[in-house]
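Dumped work.cif below, it's mmCIF, C-alpha atoms, pLDDT in the B column; chains and numbers go by the auth columns:
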data_structure
loop_
_atom_site.group_PDB
_atom_site.id
_atom_site.type_symbol
_atom_site.label_atom_id
_atom_site.label_comp_id
_atom_site.label_asym_id
_atom_site.label_seq_id
_atom_site.Cartn_x
_atom_site.Cartn_y
_atom_site.Cartn_z
_atom_site.B_iso_or_equiv
_atom_site.auth_seq_id
_atom_site.auth_asym_id
ATOM 1 C CA MET A 1 111.324 40.810 71.560 53.00 143 G
ATOM 2 C CA ALA A 2 108.367 43.204 71.675 51.00 144 G
ATOM 3 C CA ARG A 3 108.943 43.660 75.373 55.00 145 G
ATOM 4 C CA LYS A 4 112.571 44.602 74.763 55.00 146 G
ATOM 5 C CA HIS A 5 111.528 47.104 72.100 53.00 147 G
ATOM 6 C CA TYR A 6 108.930 48.604 74.465 54.00 148 G
ATOM 7 C CA SER A 7 111.551 49.036 77.201 60.00 149 G
ATOM 8 C CA LYS A 8 113.820 50.762 74.711 57.00 150 G
ATOM 9 C CA GLN A 9 111.056 53.202 73.799 58.00 151 G
ATOM 10 C CA ILE A 10 110.449 54.023 77.471 59.00 152 G
ATOM 11 C CA ILE A 11 114.141 54.729 77.970 58.00 153 G
ATOM 12 C CA GLN A 12 114.185 56.986 74.924 51.00 154 G
ATOM 13 C CA VAL A 13 111.148 58.894 76.175 51.00 155 G
ATOM 14 C CA LEU A 14 112.678 59.325 79.628 51.00 156 G
ATOM 15 C CA LEU A 15 115.946 60.524 78.117 49.00 157 G
ATOM 16 C CA GLY A 16 114.004 62.964 75.953 46.00 158 G
ATOM 17 C CA VAL A 17 112.129 64.329 78.952 47.00 159 G
ATOM 18 C CA LEU A 18 115.376 64.627 80.927 47.00 160 G
ATOM 19 C CA LEU A 19 117.045 66.466 78.056 45.00 161 G
ATOM 20 C CA LEU A 20 114.076 68.839 77.838 41.00 162 G
ATOM 21 C CA VAL A 21 114.225 69.550 81.566 43.00 163 G
ATOM 22 C CA VAL A 22 117.970 70.211 81.378 44.00 164 G
ATOM 23 C CA CYS A 23 117.452 72.587 78.439 42.00 165 G
ATOM 24 C CA LEU A 24 114.680 74.465 80.263 41.00 166 G
ATOM 25 C CA ILE A 25 116.831 74.787 83.378 46.00 167 G
ATOM 26 C CA GLY A 26 119.702 76.047 81.260 47.00 168 G
ATOM 27 C CA LEU A 27 117.500 78.638 79.558 42.00 169 G
ATOM 28 C CA GLU A 28 116.067 79.842 82.868 52.00 170 G
ATOM 29 C CA TYR A 29 119.477 80.063 84.482 55.00 171 G
ATOM 30 C CA GLY A 30 120.849 81.913 81.476 59.00 172 G
ATOM 31 C CA SER A 31 117.978 84.376 81.839 62.00 173 G
ATOM 32 C CA LEU A 32 118.870 84.935 85.494 66.00 174 G
ATOM 33 C CA LEU A 33 122.520 85.548 84.646 65.00 175 G
ATOM 34 C CA ARG A 34 121.514 88.085 81.990 73.00 176 G
ATOM 35 C CA GLU A 35 119.342 89.902 84.505 72.00 177 G
ATOM 36 C CA MET A 36 122.309 90.039 86.892 70.00 178 G
ATOM 37 C CA ASP A 37 124.434 91.527 84.081 72.00 179 G
ATOM 38 C CA GLN A 38 121.747 94.133 83.415 71.00 180 G
ATOM 39 C CA ALA A 39 121.621 94.965 87.119 70.00 181 G
ATOM 40 C CA ALA A 40 125.394 95.469 87.155 75.00 182 G
ATOM 41 C CA GLN A 41 125.133 97.755 84.131 77.00 183 G
ATOM 42 C CA GLY A 42 122.387 99.772 85.807 71.00 184 G
ATOM 43 C CA TYR A 43 124.542 100.147 88.913 72.00 185 G
ATOM 44 C CA GLY A 44 127.435 101.331 86.777 77.00 186 G
ATOM 45 C CA GLN A 45 125.134 104.012 85.391 74.00 187 G
ATOM 46 C CA GLY A 46 124.219 105.193 88.894 76.00 188 G
ATOM 47 C CA ASP A 47 120.877 103.427 89.338 80.00 189 G
ATOM 48 C CA ALA A 48 121.540 101.561 92.591 82.00 190 G
ATOM 49 C CA ALA A 49 117.836 101.242 93.462 85.00 191 G
ATOM 50 C CA GLY A 50 116.938 99.786 90.069 84.00 192 G
ATOM 51 C CA ALA A 51 119.898 97.412 90.187 84.00 193 G
ATOM 52 C CA LEU A 52 118.913 96.209 93.654 87.00 194 G
ATOM 53 C CA LYS A 53 115.372 95.491 92.421 85.00 195 G
ATOM 54 C CA ARG A 54 116.771 93.311 89.640 85.00 196 G
ATOM 55 C CA TYR A 55 119.078 91.416 91.994 84.00 197 G
ATOM 56 C CA ASP A 56 116.241 90.847 94.445 86.00 198 G
ATOM 57 C CA ASN A 57 114.094 89.519 91.612 85.00 199 G
ATOM 58 C CA VAL A 58 116.820 87.033 90.672 82.00 200 G
ATOM 59 C CA GLU A 59 117.068 85.810 94.263 82.00 201 G
ATOM 60 C CA GLN A 60 113.283 85.486 94.584 84.00 202 G
ATOM 61 C CA ARG A 61 113.088 83.403 91.409 82.00 203 G
ATOM 62 C CA LEU A 62 115.868 81.117 92.602 80.00 204 G
ATOM 63 C CA ARG A 63 114.198 80.652 95.973 81.00 205 G
ATOM 64 C CA SER A 64 110.812 79.979 94.345 78.00 206 G
ATOM 65 C CA PHE A 65 112.467 77.093 92.467 74.00 207 G
ATOM 66 C CA GLY A 66 114.144 75.916 95.674 75.00 208 G
ATOM 67 C CA ALA A 67 117.436 76.304 93.828 72.00 209 G
ATOM 68 C CA ILE A 68 119.331 78.941 95.813 76.00 210 G
ATOM 69 C CA ARG A 69 121.570 76.266 97.359 78.00 211 G
ATOM 70 C CA LEU A 70 122.125 74.573 93.996 74.00 212 G
ATOM 71 C CA VAL A 71 123.475 77.665 92.241 77.00 213 G
ATOM 72 C CA PRO A 72 127.229 77.510 91.550 79.00 214 G
ATOM 73 C CA GLY A 73 128.967 79.076 94.543 77.00 215 G
ATOM 74 C CA ALA A 74 130.748 81.745 92.487 82.00 216 G
ATOM 75 C CA ASP A 75 127.471 83.033 90.980 82.00 217 G
ATOM 76 C CA ARG A 76 125.651 82.937 94.321 85.00 218 G
ATOM 77 C CA ARG A 77 128.436 84.907 96.005 88.00 219 G
ATOM 78 C CA ILE A 78 128.271 87.542 93.270 87.00 220 G
ATOM 79 C CA LEU A 79 124.508 87.818 93.787 88.00 221 G
ATOM 80 C CA PHE A 80 124.741 88.373 97.546 90.00 222 G
ATOM 81 C CA LEU A 81 127.831 90.568 97.267 91.00 223 G
ATOM 82 C CA ASP A 82 126.261 92.844 94.665 90.00 224 G
ATOM 83 C CA GLN A 83 122.989 93.073 96.610 92.00 225 G
ATOM 84 C CA ALA A 84 125.011 94.199 99.626 94.00 226 G
ATOM 85 C CA ARG A 85 126.877 96.735 97.488 91.00 227 G
ATOM 86 C CA MET A 86 123.603 98.238 96.274 91.00 228 G
ATOM 87 C CA LEU A 87 122.250 98.505 99.810 93.00 229 G
ATOM 88 C CA TYR A 88 125.544 100.029 100.962 93.00 230 G
ATOM 89 C CA ALA A 89 125.306 102.599 98.182 90.00 231 G
ATOM 90 C CA LEU A 90 121.772 103.430 99.352 91.00 232 G
ATOM 91 C CA GLY A 91 122.910 103.824 102.976 91.00 233 G
ATOM 92 C CA ARG A 92 120.867 100.807 104.138 93.00 234 G
ATOM 93 C CA TYR A 93 123.700 99.361 106.191 94.00 235 G
ATOM 94 C CA ASP A 94 121.828 96.847 108.349 94.00 236 G
ATOM 95 C CA GLU A 95 120.209 95.285 105.288 95.00 237 G
ATOM 96 C CA ALA A 96 123.569 95.202 103.509 95.00 238 G
ATOM 97 C CA LEU A 97 125.125 93.262 106.389 95.00 239 G
ATOM 98 C CA GLU A 98 122.177 90.852 106.374 94.00 240 G
ATOM 99 C CA ARG A 99 122.733 90.133 102.655 92.00 241 G
ATOM 100 C CA LEU A 100 126.383 89.310 103.301 93.00 242 G
ATOM 101 C CA ASP A 101 125.350 86.903 106.061 92.00 243 G
ATOM 102 C CA ARG A 102 123.117 84.951 103.682 89.00 244 G
ATOM 103 C CA GLU A 103 126.153 83.266 102.121 86.00 245 G
ATOM 104 C CA ASN A 104 127.283 82.106 105.562 85.00 246 G
ATOM 105 C CA GLN A 105 123.807 80.709 106.194 85.00 247 G
ATOM 106 C CA ILE A 106 124.095 78.562 103.072 83.00 248 G
ATOM 107 C CA SER A 107 127.773 77.581 102.954 78.00 249 G
ATOM 108 C CA GLY A 108 128.479 77.781 106.687 77.00 250 G
ATOM 109 C CA THR A 109 131.374 80.176 106.162 75.00 251 G
ATOM 110 C CA THR A 110 132.994 82.192 103.417 77.00 252 G
ATOM 111 C CA SER A 111 136.635 82.376 102.472 82.00 253 G
ATOM 112 C CA ASP A 112 136.005 85.223 100.019 88.00 254 G
ATOM 113 C CA GLY A 113 137.966 88.278 101.132 92.00 255 G
ATOM 114 C CA ARG A 114 135.592 90.568 99.226 93.00 256 G
ATOM 115 C CA PHE A 115 132.835 89.798 101.738 94.00 257 G
ATOM 116 C CA LEU A 116 135.046 90.790 104.673 94.00 258 G
ATOM 117 C CA LEU A 117 136.264 93.916 102.878 94.00 259 G
ATOM 118 C CA LEU A 118 132.737 95.117 102.164 95.00 260 G
ATOM 119 C CA ARG A 119 131.533 94.205 105.644 94.00 261 G
ATOM 120 C CA GLY A 120 134.404 96.233 107.111 94.00 262 G
ATOM 121 C CA ASP A 121 133.463 99.231 104.959 93.00 263 G
ATOM 122 C CA ILE A 122 129.795 98.928 105.918 95.00 264 G
ATOM 123 C CA THR A 123 130.572 98.580 109.617 94.00 265 G
ATOM 124 C CA PHE A 124 132.833 101.632 109.424 92.00 266 G
ATOM 125 C CA ARG A 125 130.124 103.761 107.814 91.00 267 G
ATOM 126 C CA LYS A 126 127.442 102.476 110.174 91.00 268 G
ATOM 127 C CA ALA A 127 129.542 103.288 113.257 89.00 269 G
ATOM 128 C CA LEU A 128 130.311 106.753 111.913 86.00 270 G
ATOM 129 C CA ARG A 129 126.663 107.461 111.111 87.00 271 G
ATOM 130 C CA ASP A 130 125.462 106.216 114.501 87.00 272 G
ATOM 131 C CA SER A 131 128.054 108.403 116.255 82.00 273 G
ATOM 132 C CA ARG A 132 126.983 111.512 114.355 80.00 274 G
ATOM 133 C CA GLU A 133 123.279 110.847 114.872 83.00 275 G
ATOM 134 C CA SER A 134 123.755 110.307 118.603 80.00 276 G
ATOM 135 C CA GLY A 135 125.600 113.619 118.913 73.00 277 G
ATOM 136 C CA SER A 136 128.341 111.908 120.934 68.00 278 G
ATOM 137 C CA ASP A 137 131.528 113.897 121.417 66.00 279 G
ATOM 138 C CA ASP A 138 133.480 110.973 122.857 74.00 280 G
ATOM 139 C CA PRO A 139 136.078 109.814 120.276 77.00 281 G
ATOM 140 C CA HIS A 140 136.964 106.825 122.479 80.00 282 G
ATOM 141 C CA MET A 141 133.464 105.403 122.051 82.00 283 G
ATOM 142 C CA LEU A 142 133.740 105.746 118.284 82.00 284 G
ATOM 143 C CA ALA A 143 137.169 104.124 118.308 85.00 285 G
ATOM 144 C CA GLU A 144 135.692 101.146 120.132 88.00 286 G
ATOM 145 C CA ALA A 145 132.773 100.951 117.712 87.00 287 G
ATOM 146 C CA LEU A 146 135.246 100.824 114.825 90.00 288 G
ATOM 147 C CA GLY A 147 136.955 97.740 116.255 92.00 289 G
ATOM 148 C CA PRO A 148 134.749 95.185 114.412 94.00 290 G
ATOM 149 C CA ALA A 149 135.361 96.973 111.105 94.00 291 G
ATOM 150 C CA GLN A 150 139.103 96.737 111.644 93.00 292 G
ATOM 151 C CA ASP A 151 138.764 93.035 112.484 94.00 293 G
ATOM 152 C CA ASP A 152 136.904 92.416 109.228 94.00 294 G
ATOM 153 C CA LEU A 153 139.544 94.244 107.210 94.00 295 G
ATOM 154 C CA ARG A 154 142.317 92.318 108.948 94.00 296 G
ATOM 155 C CA GLU A 155 140.627 89.017 108.056 94.00 297 G
ATOM 156 C CA SER A 156 140.062 90.216 104.495 94.00 298 G
ATOM 157 C CA LEU A 157 143.784 90.882 104.210 93.00 299 G
ATOM 158 C CA ARG A 158 144.567 87.434 105.568 94.00 300 G
ATOM 159 C CA LEU A 159 142.383 85.860 102.898 93.00 301 G
ATOM 160 C CA ASP A 160 143.641 88.136 100.131 93.00 302 G
ATOM 161 C CA PRO A 161 147.058 89.617 101.043 93.00 303 G
ATOM 162 C CA GLU A 162 147.336 91.299 97.625 91.00 304 G
ATOM 163 C CA SER A 163 144.156 93.345 97.976 92.00 305 G
ATOM 164 C CA TRP A 164 145.202 96.989 97.768 93.00 306 G
ATOM 165 C CA ASP A 165 141.752 98.131 98.869 92.00 307 G
ATOM 166 C CA ALA A 166 141.910 96.034 102.031 92.00 308 G
ATOM 167 C CA LYS A 167 145.442 97.253 102.786 93.00 309 G
ATOM 168 C CA TYR A 168 144.531 100.904 102.308 91.00 310 G
ATOM 169 C CA ASN A 169 141.330 100.712 104.350 91.00 311 G
ATOM 170 C CA PHE A 170 142.937 98.723 107.154 93.00 312 G
ATOM 171 C CA GLU A 171 145.846 101.162 107.486 91.00 313 G
ATOM 172 C CA TYR A 172 143.523 104.159 107.377 88.00 314 G
ATOM 173 C CA LEU A 173 141.245 102.689 110.023 90.00 315 G
ATOM 174 C CA ASN A 174 144.230 101.784 112.182 90.00 316 G
ATOM 175 C CA TYR A 175 145.461 105.389 111.976 87.00 317 G
ATOM 176 C CA LEU A 176 142.007 106.746 112.737 86.00 318 G
ATOM 177 C CA ARG A 177 141.507 104.537 115.800 87.00 319 G
ATOM 178 C CA ASN A 178 144.943 105.451 117.158 87.00 320 G
ATOM 179 C CA VAL A 179 144.166 109.151 116.861 85.00 321 G
ATOM 180 C CA LEU A 180 140.750 108.746 118.493 83.00 322 G
ATOM 181 C CA GLU A 181 142.100 106.674 121.371 80.00 323 G
ATOM 182 C CA LYS A 182 145.250 108.645 122.180 79.00 324 G
ATOM 183 C CA ASP A 183 144.307 112.282 121.797 69.00 325 G
ATOM 184 C CA LYS A 184 140.738 113.404 122.375 65.00 326 G
ATOM 185 C CA GLU A 185 141.388 116.938 121.142 67.00 327 G
ATOM 186 C CA GLU A 186 143.047 115.693 117.956 69.00 328 G
ATOM 187 C CA GLY A 187 140.314 113.088 117.546 65.00 329 G
ATOM 188 C CA MET A 188 137.655 115.773 117.607 64.00 330 G
ATOM 189 C CA LYS A 189 139.540 117.533 114.818 68.00 331 G
ATOM 190 C CA VAL A 190 139.707 114.373 112.716 66.00 332 G
ATOM 191 C CA LEU A 191 136.023 113.444 112.903 62.00 333 G
ATOM 192 C CA PRO A 192 134.656 116.378 110.852 57.00 334 G
ATOM 193 C CA GLN A 193 137.303 115.627 108.199 59.00 335 G
ATOM 194 C CA ILE A 194 135.790 112.209 107.450 63.00 336 G
ATOM 195 C CA PRO A 195 133.407 112.835 104.541 59.00 337 G
ATOM 196 C CA ASP A 196 129.871 111.520 104.446 58.00 338 G
ATOM 197 C CA GLN A 197 129.331 108.693 102.020 60.00 339 G
ATOM 198 C CA ASP A 198 128.641 110.039 98.549 48.00 340 G
ATOM 199 C CA ASN A 199 126.235 107.646 96.844 40.00 341 G
ATOM 200 C CA SER A 200 127.055 109.142 93.477 35.00 342 G
ATOM 201 C CA GLN A 201 130.568 107.774 93.775 37.00 343 G
ATOM 202 C CA GLN A 202 129.727 104.162 94.570 38.00 344 G
ATOM 203 C CA ASN A 203 131.384 102.951 91.386 34.00 345 G
ATOM 204 C CA LEU A 204 134.727 103.927 92.922 28.00 346 G
ATOM 205 C CA THR A 205 136.971 101.452 94.673 33.00 347 G
ATOM 206 C CA PRO A 206 136.435 100.756 98.413 36.00 348 G
ATOM 207 C CA LYS A 207 139.504 102.762 99.407 36.00 349 G
ATOM 208 C CA GLN A 208 137.998 105.806 97.697 35.00 350 G
ATOM 209 C CA LYS A 209 134.562 105.208 99.193 43.00 351 G
ATOM 210 C CA MET A 210 135.813 104.925 102.759 51.00 352 G
#

Final structure tokens representation of the file:
Amino acid sequence: MARKHYSKQIIQVLLGVLLLVVCLIGLEYGSLLREMDQAAQGYGQGDAAGALKRYDNVEQRLRSFGAIRLVPGADRRILFLDQARMLYALGRYDEALERLDRENQISGTTSDGRFLLLRGDITFRKALRDSRESGSDDPHMLAEALGPAQDDLRESLRLDPESWDAKYNFEYLNYLRNVLEKDKEEGMKVLPQIPDQDNSQQNLTPKQKM
């Protein structure tokens, strides 16, 4: 009888410890979600650098717990997507693309059209910046460099046919590539009309940013 009572006490203690662990995990995760909300608010107020620092801190804490793969997929995608958005706003295009790839490294692939839309926008801006910095006056080379961006936008549309941003950006990029490929003189007129990215307007929709 005493042995049965002792076993019952052990079970109660183990359940208590398990409940405590679950509560601590819940509190820590809630803290991480609040920090992500604060980062989003900071971004909305124009502080992309500060927001990125907060998002990076969240990711570092998750990785230190070995929990980055255990986070609910929706929250993890928001983390990587928003990190990429901050880096895009700061003009750090290569790093932004690397952040988007982190979801693929964990899940193997992503069926989230937002990732493809942002990657298309980033690739577009990166190709445009590289062309301007190289001083190239060959619109055909730029048109070719824009091909991957158009592919990303096409796939984004396939995943989310109702995305107005993806539709707008895809059609605009299709028009731009056609002009660059068909008429060099007209292409040279179009290039200066494409505005540089304005980091102060990163709270606008992708179609306005592109």

Checklist line | Atomic distance CA of Ser298 (chain G) - CA of Leu212 (chain G), expressed in Å with one decimal | finding: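 Computing the Euclidean distance for CA of Ser298 (chain G) and CA of Leu212 (chain G) yields 26.0 Å.
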
Next item on the list: Output the residue selection produced by the PyMOL selection byres ((chain G and resi 224) around 10) on the file above, formatted as a list of chain:residue names.
Entry: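 Matching residues under the PyMOL selection byres ((chain G and resi 224) around 10) are G:Met178, G:Ala181, G:Ala182, G:Tyr185, G:Ala193, G:Leu194, G:Tyr197, G:Arg218, G:Arg219, G:Ile220, G:Leu221, G:Phe222, G:Leu223, G:Gln225, G:Ala226, G:Arg227, G:Met228, G:Leu229, G:Tyr230, G:Ala238, G:Arg241, G:Leu242.
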
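Of note, CA of Phe257 (chain G) and CA of Tyr310 (chain G) are spaced 16.1 Å apart.
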
Margin query: Which residues would end up in the selection if the PyMOL selection byres ((chain G and resi 255) around 12) were applied here, given that I need the answer as a PyMOL selection string?
Written below: chain G and resi 219+223+242+251-254+256-262+294-309

File dump, residues just selected, C-alpha atoms, as an mmCIF file, in the coordinates of the input:
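Generated file (out-v3.cif):
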data_model
loop_
_atom_site.group_PDB
_atom_site.id
_atom_site.type_symbol
_atom_site.label_atom_id
_atom_site.label_comp_id
_atom_site.auth_asym_id
_atom_site.auth_seq_id
_atom_site.Cartn_x
_atom_site.Cartn_y
_atom_site.Cartn_z
ATOM 1 C CA ARG G 219 128.436 84.907 96.005
ATOM 2 C CA LEU G 223 127.831 90.568 97.267
ATOM 3 C CA LEU G 242 126.383 89.310 103.301
ATOM 4 C CA THR G 251 131.374 80.176 106.162
ATOM 5 C CA THR G 252 132.994 82.192 103.417
ATOM 6 C CA SER G 253 136.635 82.376 102.472
ATOM 7 C CA ASP G 254 136.005 85.223 100.019
ATOM 8 C CA ARG G 256 135.592 90.568 99.226
ATOM 9 C CA PHE G 257 132.835 89.798 101.738
ATOM 10 C CA LEU G 258 135.046 90.790 104.673
ATOM 11 C CA LEU G 259 136.264 93.916 102.878
ATOM 12 C CA LEU G 260 132.737 95.117 102.164
ATOM 13 C CA ARG G 261 131.533 94.205 105.644
ATOM 14 C CA GLY G 262 134.404 96.233 107.111
ATOM 15 C CA ASP G 294 136.904 92.416 109.228
ATOM 16 C CA LEU G 295 139.544 94.244 107.210
ATOM 17 C CA ARG G 296 142.317 92.318 108.948
ATOM 18 C CA GLU G 297 140.627 89.017 108.056
ATOM 19 C CA SER G 298 140.062 90.216 104.495
ATOM 20 C CA LEU G 299 143.784 90.882 104.210
ATOM 21 C CA ARG G 300 144.567 87.434 105.568
ATOM 22 C CA LEU G 301 142.383 85.860 102.898
ATOM 23 C CA ASP G 302 143.641 88.136 100.131
ATOM 24 C CA PRO G 303 147.058 89.617 101.043
ATOM 25 C CA GLU G 304 147.336 91.299 97.625
ATOM 26 C CA SER G 305 144.156 93.345 97.976
ATOM 27 C CA TRP G 306 145.202 96.989 97.768
ATOM 28 C CA ASP G 307 141.752 98.131 98.869
ATOM 29 C CA ALA G 308 141.910 96.034 102.031
ATOM 30 C CA LYS G 309 145.442 97.253 102.786
#

Next item on the list: Mind giving me the straight-line distance from CA of Leu232 (chain G) to CA of Asn199 (chain G) in Å, one decimal?
Entry: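 Interatomic distance here is 17.7 Å.
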
Once 6 Å is added on each side, what centre and edge lengths in Å to one decimal does the axis-aligned box around all listed atoms of region 229-239 of chain G have, as lines of an AutoDock Vina configuration file?
center_x = 122.9
center_y = 98.5
center_z = 103.3
size_x = 17.3
size_y = 22.6
size_z = 22.2

Checklist line | Cut-off 10 Å around (136.6, 102.7, 116.9) with all atoms listed in the file: residues as a count of residues only | finding: 23
